[in-house]
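One structure below.
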Amino acid sequence: MTAPEPTGASVRLRPEIAALPPYRQGRPAPDDGYKLSSNENPHEPLPGVAEAVAATLPEINRYPDATALVLRERLAERFGVTPDEVLVGAGSVSLLAQFIAAAAGPGDEVIYSWRSFEAYPGLVTVAGATSVRVPNRPDHGHDLDAMAAAITDRTRVVIVCSPNNPTGMLVTAGEFEAFMARVPSDLLVLLDEAYIEFVRHEDSVDGRTLIGRYPNLVILRTFSKAYGLAGLRVGYAIGPEPILDAARATAIPLGVTAASTAAALASLEPAAEAELLDRVEVIARRREAVHTALLAQGWPVPGAHGNFIWLPTGEATTTVAERLFDAGLVTRAFPPEGIRISIGEPESVDTLLRILEELVPGSQERHPA
């Protein structure tokens with residue numbers, strides 16, 4: 001039987017999806033360079049975590065526990081909730097997709113600050129809903145008053161990211177409490193805390209203190225950053241059971257592997273977690289040192305509370321990013337706004353500061369050739 005000749009006609013796709021740019025990772029680092037584009041933990045996996053992952057290899061012919069029950073039980077004990085009030089997914093971004101799909105569809109709106117996590121717009125579009133982007137304040141933090149004012153009858157979800165990716169600013173506990181007082185109790189609020197372990201500011205909002213206070217609040221966290229499991233994709237949500245059940249219904253089955261679950265459980269063992277959090281402290285101190293040095297150079301960097309720095313380079317974003325790349329540093333550029341720079345290996349810091357000192361806005365006027 002002869003195959004039909006191609007007609008050149010394209011498959012009918014949703015036009016908003018066809019026009020949606022796919023998520024793209026940053027460029028790989030050169031062999032002698034450093035990847036500072038993905039907010040990864042630069043430390044190698046703990047031996048015990050690697051051993052736990054290896055122990056799952058003999059059973060990769062079997063499906064994992066679809067509910068990650070043992071991990072949910074461990075997290076439930078930690079947060080003082082029931083296992084049914086914990087949802088585990090393939091990274092917090094997967095959980096975001098589930099919650100948005102559960103609450104919002106065509107004709108509905110999802111509010112978030114902008115610039116914030118670059119995946120938000122795509123997740124909303126895929127759900128068929130409409131994004132409402134509320135500009136960040138001049139200091140690059142969330143304008144929660146403006147976000148509350150943007151709520152309409154069509155709003156179904158509001159996302160608050162603290163610390164905000166990529167600008168690094170956090171939401172204070174007082175700001176969040178005032179915001180929640182203005183939000184209708186039937187409107188889903190997602191508190192995205194992917195970088196919460198790196199926060200050292202005592203006034204920061206902390207979802208753990210909010211559990212049980214709001215019937216419409218879900219807290220999202222991940223093992224990717226502080227726990228160094230980015231390659232295994234495991235995150236979790238804490239919230240009211242009915243909301244989590246709705247998100248469970250939207251999930252792709254069996255998204256969390258046995259290796260991911262084993263690694264997360266091994267990371268929560270007391271000795272392992274203590275070592276991991278010591279590493280987090282090292283990164284936080286390194287971040288503070290970089291932040292202080294950039295301010296001293298004259299860069300107008302905002303507060304930094306994740307494992308990264310936000311460099312507001314404006315129209316010079318591409319130029320600065322290319323200069324860093326030529327020096328062996330791969331960063332995440334968001335033209336024409338700025339560059340997010342992960343806090344990586346200590347050897348990368350000297351190069352970073354040396355190049356950026358040459359590129360400080362106005363430096364040519366202060367130091368003419």
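Every chain in the structure tokens takes a letter, A first, then B, and so on in the order presented; its residues are numbered from 1, and the ligands are numbered from 1 following the presented order.
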
Need the shell around Ala104 (chain A): protein/DNA/RNA residues with any atom at most 8 Å away, counting only C-alpha atoms. Skip same-chain ones fewer than 3 positions apart. Format as a CSV table (one decimal) with N, CA, C and O atoms, in the first residue's frame?
```csv
chain,number,residue,atom,x,y,z
A,100,ILE,N,-3.2,24.9,39.1
A,100,ILE,CA,-3.8,25.9,38.1
A,100,ILE,C,-4.9,25.2,37.3
A,100,ILE,O,-6.0,25.7,37.1
A,101,ALA,N,-4.6,24.0,36.8
A,101,ALA,CA,-5.5,23.2,36.0
A,101,ALA,C,-6.8,22.9,36.8
A,101,ALA,O,-7.9,22.8,36.2
A,108,ASP,N,-11.2,32.2,32.8
A,108,ASP,CA,-10.8,32.5,34.2
A,108,ASP,C,-9.4,33.2,34.1
A,108,ASP,O,-8.7,33.2,33.1
A,109,GLU,N,-9.1,33.8,35.2
A,109,GLU,CA,-7.8,34.6,35.3
A,109,GLU,C,-6.9,34.1,36.5
A,109,GLU,O,-7.5,33.6,37.5
A,110,VAL,N,-5.6,34.2,36.3
A,110,VAL,CA,-4.6,33.8,37.3
A,110,VAL,C,-3.7,35.0,37.5
A,110,VAL,O,-3.2,35.5,36.5
A,127,ALA,N,-3.5,25.8,30.7
A,127,ALA,CA,-4.8,25.5,31.4
A,127,ALA,C,-5.9,26.2,30.6
A,127,ALA,O,-7.1,25.9,31.0
A,128,GLY,N,-5.6,27.1,29.7
A,128,GLY,CA,-6.7,27.8,29.0
A,128,GLY,C,-7.1,29.0,29.6
A,128,GLY,O,-8.1,29.7,29.1
A,129,ALA,N,-6.5,29.4,30.7
A,129,ALA,CA,-6.9,30.6,31.5
A,129,ALA,C,-6.1,31.8,31.0
A,129,ALA,O,-5.2,31.7,30.1
A,156,ARG,N,-9.3,33.1,39.6
A,156,ARG,CA,-9.5,31.8,40.3
A,156,ARG,C,-8.2,31.4,41.1
A,156,ARG,O,-8.3,30.6,42.0
A,157,VAL,N,-7.1,32.0,40.7
A,157,VAL,CA,-5.8,31.6,41.4
A,157,VAL,C,-5.0,32.9,41.5
A,157,VAL,O,-4.9,33.7,40.6
```

Within 9 Å of region 274-282 of chain A using only C-alpha atoms, minus same-chain residues under 2 positions, as a PyMOL selection string = chain A and resi 41+43+46+197-198+226-228+267-272+284-287+307

Find the residues near Glu118 (chain A): any atom within 10 Å, counting only C-alpha atoms, skip ones fewer than 6 places away on the same chain, and give them as a ChimeraX atom specification.
-> /A:23,165-166,334

Can I get the selected residues back with C-alpha atoms, as an mmCIF file, in the first residue's frame?
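Dumped everything to again.cif:
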```cif
data_model
loop_
_atom_site.group_PDB
_atom_site.id
_atom_site.type_symbol
_atom_site.label_atom_id
_atom_site.label_comp_id
_atom_site.auth_asym_id
_atom_site.auth_seq_id
_atom_site.Cartn_x
_atom_site.Cartn_y
_atom_site.Cartn_z
ATOM 1 C CA TYR A 23 10.553 26.443 28.261
ATOM 2 C CA ASN A 165 12.407 34.114 41.331
ATOM 3 C CA PRO A 166 14.281 35.776 39.622
ATOM 4 C CA PHE A 334 15.844 38.091 30.697
#
```

Determine, using only C-alpha atoms, which residues of region 75-118 of chain A have any atom at most 8 Å from an atom of region 232-253 of chain A, and tabulate each with its shortest atom pair and distance in Å to one decimal place, rows ordered by chain and then rising number, as CSV.
```
residue,atom,partner,partner_atom,distance
A:Asp84,CA,A:Glu241,CA,5.9
A:Glu85,CA,A:Glu241,CA,4.9
A:Val86,CA,A:Ile238,CA,4.8
A:Leu87,CA,A:Ala237,CA,5.0
A:Val88,CA,A:Tyr236,CA,4.3
A:Gly89,CA,A:Gly235,CA,5.4
A:Ala90,CA,A:Val234,CA,4.6
A:Gly91,CA,A:Gly235,CA,4.1
A:Ser92,CA,A:Gly235,CA,4.7
A:Leu95,CA,A:Ala237,CA,7.3
A:Gln98,CA,A:Ala247,CA,5.0
A:Phe99,CA,A:Ala247,CA,5.1
A:Ala101,CA,A:Thr250,CA,6.7
A:Ala102,CA,A:Ala247,CA,5.5
```

For region 180-183 of chain A, list every protein, DNA or RNA residue within 9 Å, evaluated using only C-alpha atoms, and leave out those in the same chain fewer than 2 positions away; present the list as a list in words.
-> Asp145, Ala148, Ala149, Ile151, Glu175, Phe176, Glu177, Ala178, Ser185, Asp186, Leu187, Val189 and Tyr214 of chain A

Any idea what's packed within 8 Å of Lys225 (chain A), counting only C-alpha atoms, ignoring anything in its chain fewer than 6 positions away? Could you give it as a PyMOL selection string?
-> chain A and resi 39-41+194-195

CA of Phe308 (chain A) to CA of Ile343 (chain A), distance in Å rounded to a single decimal | 5.1 Å

Taking the backbone alone, and naming residues the way the document does, which bits of region 100-133 of chain A are helix (DSSP H, G or I) by DSSP, as JSON, numbers by chain?
-> {"A": [100, 101, 102, 103, 119, 120, 121, 122, 123, 124, 125, 126, 127]}

Output N, CA, C and O atoms of each residue in that selection to a file, as a compact mmCIF listing (two decimals), in the first residue's frame.
```txt
# COMPACT_ATOMS: atom_id res chain seq x y z
N ILE A 100 -3.23 24.94 39.08
CA ILE A 100 -3.82 25.88 38.12
C ILE A 100 -4.87 25.19 37.28
O ILE A 100 -5.97 25.71 37.06
N ALA A 101 -4.57 23.98 36.80
CA ALA A 101 -5.53 23.24 35.99
C ALA A 101 -6.79 22.88 36.78
O ALA A 101 -7.89 22.83 36.23
N ALA A 102 -6.61 22.64 38.09
CA ALA A 102 -7.76 22.28 38.92
C ALA A 102 -8.70 23.45 39.17
O ALA A 102 -9.90 23.26 39.39
N ALA A 103 -8.16 24.67 39.14
CA ALA A 103 -8.96 25.83 39.53
C ALA A 103 -9.34 26.75 38.38
O ALA A 103 -10.34 27.48 38.48
N ALA A 119 7.93 30.20 34.34
CA ALA A 119 7.00 29.14 33.95
C ALA A 119 5.54 29.54 34.15
O ALA A 119 4.65 28.93 33.55
N TYR A 120 5.28 30.54 35.00
CA TYR A 120 3.89 30.88 35.30
C TYR A 120 3.05 31.17 34.05
O TYR A 120 1.95 30.63 33.89
N PRO A 121 3.52 32.04 33.14
CA PRO A 121 2.67 32.35 31.98
C PRO A 121 2.30 31.12 31.16
O PRO A 121 1.15 30.96 30.73
N GLY A 122 3.27 30.24 30.94
CA GLY A 122 3.01 29.04 30.16
C GLY A 122 2.02 28.11 30.84
O GLY A 122 1.13 27.55 30.18
N LEU A 123 2.14 27.93 32.15
CA LEU A 123 1.23 27.06 32.87
C LEU A 123 -0.21 27.57 32.79
O LEU A 123 -1.15 26.78 32.65
N VAL A 124 -0.35 28.88 32.88
CA VAL A 124 -1.69 29.48 32.80
C VAL A 124 -2.27 29.29 31.39
O VAL A 124 -3.44 28.92 31.22
N THR A 125 -1.46 29.52 30.39
CA THR A 125 -1.93 29.39 29.01
C THR A 125 -2.33 27.95 28.71
O THR A 125 -3.36 27.70 28.07
N VAL A 126 -1.53 26.99 29.14
CA VAL A 126 -1.85 25.58 28.90
C VAL A 126 -3.18 25.21 29.55
O VAL A 126 -3.97 24.43 28.99
N ALA A 127 -3.48 25.79 30.71
CA ALA A 127 -4.76 25.52 31.37
C ALA A 127 -5.93 26.17 30.65
O ALA A 127 -7.09 25.87 30.96
```

Within 6 Å of region 64-77 of chain A, counting only C-alpha atoms, which residues qualify if same-chain residues fewer than 3 places away don't, as a PyMOL selection string?
-> chain A and resi 80-83+86+254+257-258

Can you write out the residues you just picked, keeping all heavy atoms, as a PDB file, in the first residue's frame?
```pdb
ATOM      1  N   GLY A  80       2.921  18.776  60.859  1.00  0.00           N
ATOM      2  CA  GLY A  80       1.775  18.696  61.754  1.00  0.00           C
ATOM      3  C   GLY A  80       0.446  18.590  61.046  1.00  0.00           C
ATOM      4  O   GLY A  80      -0.561  19.160  61.496  1.00  0.00           O
ATOM      5  N   VAL A  81       0.425  17.864  59.919  1.00  0.00           N
ATOM      6  CA  VAL A  81      -0.799  17.679  59.155  1.00  0.00           C
ATOM      7  C   VAL A  81      -1.001  16.187  58.921  1.00  0.00           C
ATOM      8  O   VAL A  81      -0.193  15.356  59.341  1.00  0.00           O
ATOM      9  CB  VAL A  81      -0.738  18.432  57.803  1.00  0.00           C
ATOM     10  CG1 VAL A  81      -0.596  19.934  58.025  1.00  0.00           C
ATOM     11  CG2 VAL A  81       0.412  17.913  56.934  1.00  0.00           C
ATOM     12  N   THR A  82      -2.068  15.827  58.238  1.00  0.00           N
ATOM     13  CA  THR A  82      -2.294  14.432  57.882  1.00  0.00           C
ATOM     14  C   THR A  82      -1.636  14.136  56.528  1.00  0.00           C
ATOM     15  O   THR A  82      -1.403  15.061  55.733  1.00  0.00           O
ATOM     16  CB  THR A  82      -3.791  14.129  57.766  1.00  0.00           C
ATOM     17  OG1 THR A  82      -4.328  14.813  56.617  1.00  0.00           O
ATOM     18  CG2 THR A  82      -4.538  14.593  59.014  1.00  0.00           C
ATOM     19  N   PRO A  83      -1.336  12.879  56.224  1.00  0.00           N
ATOM     20  CA  PRO A  83      -0.757  12.558  54.915  1.00  0.00           C
ATOM     21  C   PRO A  83      -1.630  13.002  53.749  1.00  0.00           C
ATOM     22  O   PRO A  83      -1.092  13.317  52.672  1.00  0.00           O
ATOM     23  CB  PRO A  83      -0.616  11.030  54.963  1.00  0.00           C
ATOM     24  CG  PRO A  83      -0.463  10.716  56.416  1.00  0.00           C
ATOM     25  CD  PRO A  83      -1.360  11.701  57.119  1.00  0.00           C
ATOM     26  N   VAL A  86      -0.876  16.409  52.266  1.00  0.00           N
ATOM     27  CA  VAL A  86       0.414  16.534  51.591  1.00  0.00           C
ATOM     28  C   VAL A  86       0.273  15.939  50.191  1.00  0.00           C
ATOM     29  O   VAL A  86      -0.279  14.854  50.016  1.00  0.00           O
ATOM     30  CB  VAL A  86       1.532  15.800  52.353  1.00  0.00           C
ATOM     31  CG1 VAL A  86       2.872  15.980  51.631  1.00  0.00           C
ATOM     32  CG2 VAL A  86       1.623  16.288  53.788  1.00  0.00           C
ATOM     33  N   LEU A 254       1.751   8.524  38.137  1.00  0.00           N
ATOM     34  CA  LEU A 254       3.069   7.964  38.374  1.00  0.00           C
ATOM     35  C   LEU A 254       4.198   8.918  37.985  1.00  0.00           C
ATOM     36  O   LEU A 254       5.225   8.521  37.440  1.00  0.00           O
ATOM     37  CB  LEU A 254       3.215   6.634  37.611  1.00  0.00           C
ATOM     38  CG  LEU A 254       2.162   5.581  37.979  1.00  0.00           C
ATOM     39  CD1 LEU A 254       2.098   4.498  36.917  1.00  0.00           C
ATOM     40  CD2 LEU A 254       2.485   4.971  39.330  1.00  0.00           C
ATOM     41  N   THR A 257       9.071   9.227  40.713  1.00  0.00           N
ATOM     42  CA  THR A 257       9.691   7.917  40.633  1.00  0.00           C
ATOM     43  C   THR A 257      10.104   7.388  42.006  1.00  0.00           C
ATOM     44  O   THR A 257      10.197   8.140  42.975  1.00  0.00           O
ATOM     45  CB  THR A 257      10.938   7.969  39.739  1.00  0.00           C
ATOM     46  OG1 THR A 257      11.936   8.767  40.385  1.00  0.00           O
ATOM     47  CG2 THR A 257      10.611   8.554  38.373  1.00  0.00           C
ATOM     48  N   ALA A 258      10.399   6.091  42.041  1.00  0.00           N
ATOM     49  CA  ALA A 258      10.883   5.491  43.280  1.00  0.00           C
ATOM     50  C   ALA A 258      12.227   6.084  43.676  1.00  0.00           C
ATOM     51  O   ALA A 258      12.510   6.280  44.861  1.00  0.00           O
ATOM     52  CB  ALA A 258      10.987   3.977  43.111  1.00  0.00           C
TER      53      ALA A 258
END
```

Once DSSP has gone over the backbone, tell me which residues of region 121-305 of chain A are in strand (DSSP E or B), as a ChimeraX atom specification.
-> /A:130-135,155-161,172,188-192,204,217-222,235-238

Suppose you want the space between CA of Arg137 (chain A) and CA of Leu20 (chain A); what is it in Å?
->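 Between these atoms lies a distance of 26.7 Å.
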
Pick out the closest residue to Ala333 (chain A) from this set: A:Ala321, A:Ala52, A:Leu311, A:Ala146. Count only C-alpha atoms.
->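 Going through A:Ala321, A:Ala52, A:Leu311, A:Ala146 one by one, the smallest distance to Ala333 (chain A) is for A:Ala321.
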
A:Phe117, A:Tyr63, A:Phe179, A:Trp310 ranked by distance to Asp139 (chain A), top pick (using only C-alpha atoms) =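 Of the candidates, the smallest distance to Asp139 (chain A) is held by A:Trp310.
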
Write out as a ChimeraX atom specification which residues come within 6 Å of Arg133 (chain A) when counting only C-alpha atoms, dropping same-chain ones fewer than 2 positions away.
-> /A:112-114

Which residues of region 206-267 of chain A sit at most 8 Å from region 53-59 of chain A, using only C-alpha atoms? Give each one's shortest atom pair and distance in Å (one decimal place), in chain and ascending residue order, as a Markdown table.
```
| residue | atom | partner | partner_atom | distance |
| --- | --- | --- | --- | --- |
| A:Ala258 | CA | A:Thr56 | CA | 6.6 |
| A:Ala259 | CA | A:Val53 | CA | 4.9 |
| A:Ser260 | CA | A:Val53 | CA | 7.4 |
| A:Ala262 | CA | A:Val53 | CA | 6.0 |
| A:Ala263 | CA | A:Val53 | CA | 5.8 |
```

Got time to write the residues from that selection, all heavy atoms, as a compact mmCIF listing (two decimals), in the first residue's frame?
```txt
# COMPACT_ATOMS: atom_id res chain seq x y z
N ALA A 258 10.40 6.09 42.04
CA ALA A 258 10.88 5.49 43.28
C ALA A 258 12.23 6.08 43.68
O ALA A 258 12.51 6.28 44.86
CB ALA A 258 10.99 3.98 43.11
N ALA A 259 13.07 6.38 42.69
CA ALA A 259 14.37 6.99 42.99
C ALA A 259 14.20 8.36 43.62
O ALA A 259 14.91 8.73 44.56
CB ALA A 259 15.20 7.08 41.71
N SER A 260 13.26 9.15 43.11
CA SER A 260 13.00 10.47 43.66
C SER A 260 12.54 10.38 45.11
O SER A 260 13.01 11.11 45.98
CB SER A 260 11.94 11.19 42.82
OG SER A 260 12.34 11.31 41.47
N ALA A 262 12.99 7.90 47.20
CA ALA A 262 14.07 7.39 48.05
C ALA A 262 15.07 8.48 48.39
O ALA A 262 15.55 8.60 49.52
CB ALA A 262 14.77 6.22 47.36
N ALA A 263 15.41 9.31 47.40
CA ALA A 263 16.36 10.40 47.63
C ALA A 263 15.81 11.42 48.61
O ALA A 263 16.54 11.92 49.49
CB ALA A 263 16.71 11.07 46.31
```

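With only C-alpha atoms as the atoms that count, the minimum distance from Leu294 (chain A) to the choices A:Leu353, A:Ala316, A:Ile219, A:Leu265 is reached by A:Leu353.
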
So how many Å separate CA of Ser204 (chain A) and CA of Gly344 (chain A), to one decimal?
->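 Those two atoms sit 23.8 Å apart.
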
Nearest candidate to Ile309 (chain A) (options A:Pro45, A:Glu202, A:Ser38, A:Ser94; using only C-alpha atoms) = A:Ser38
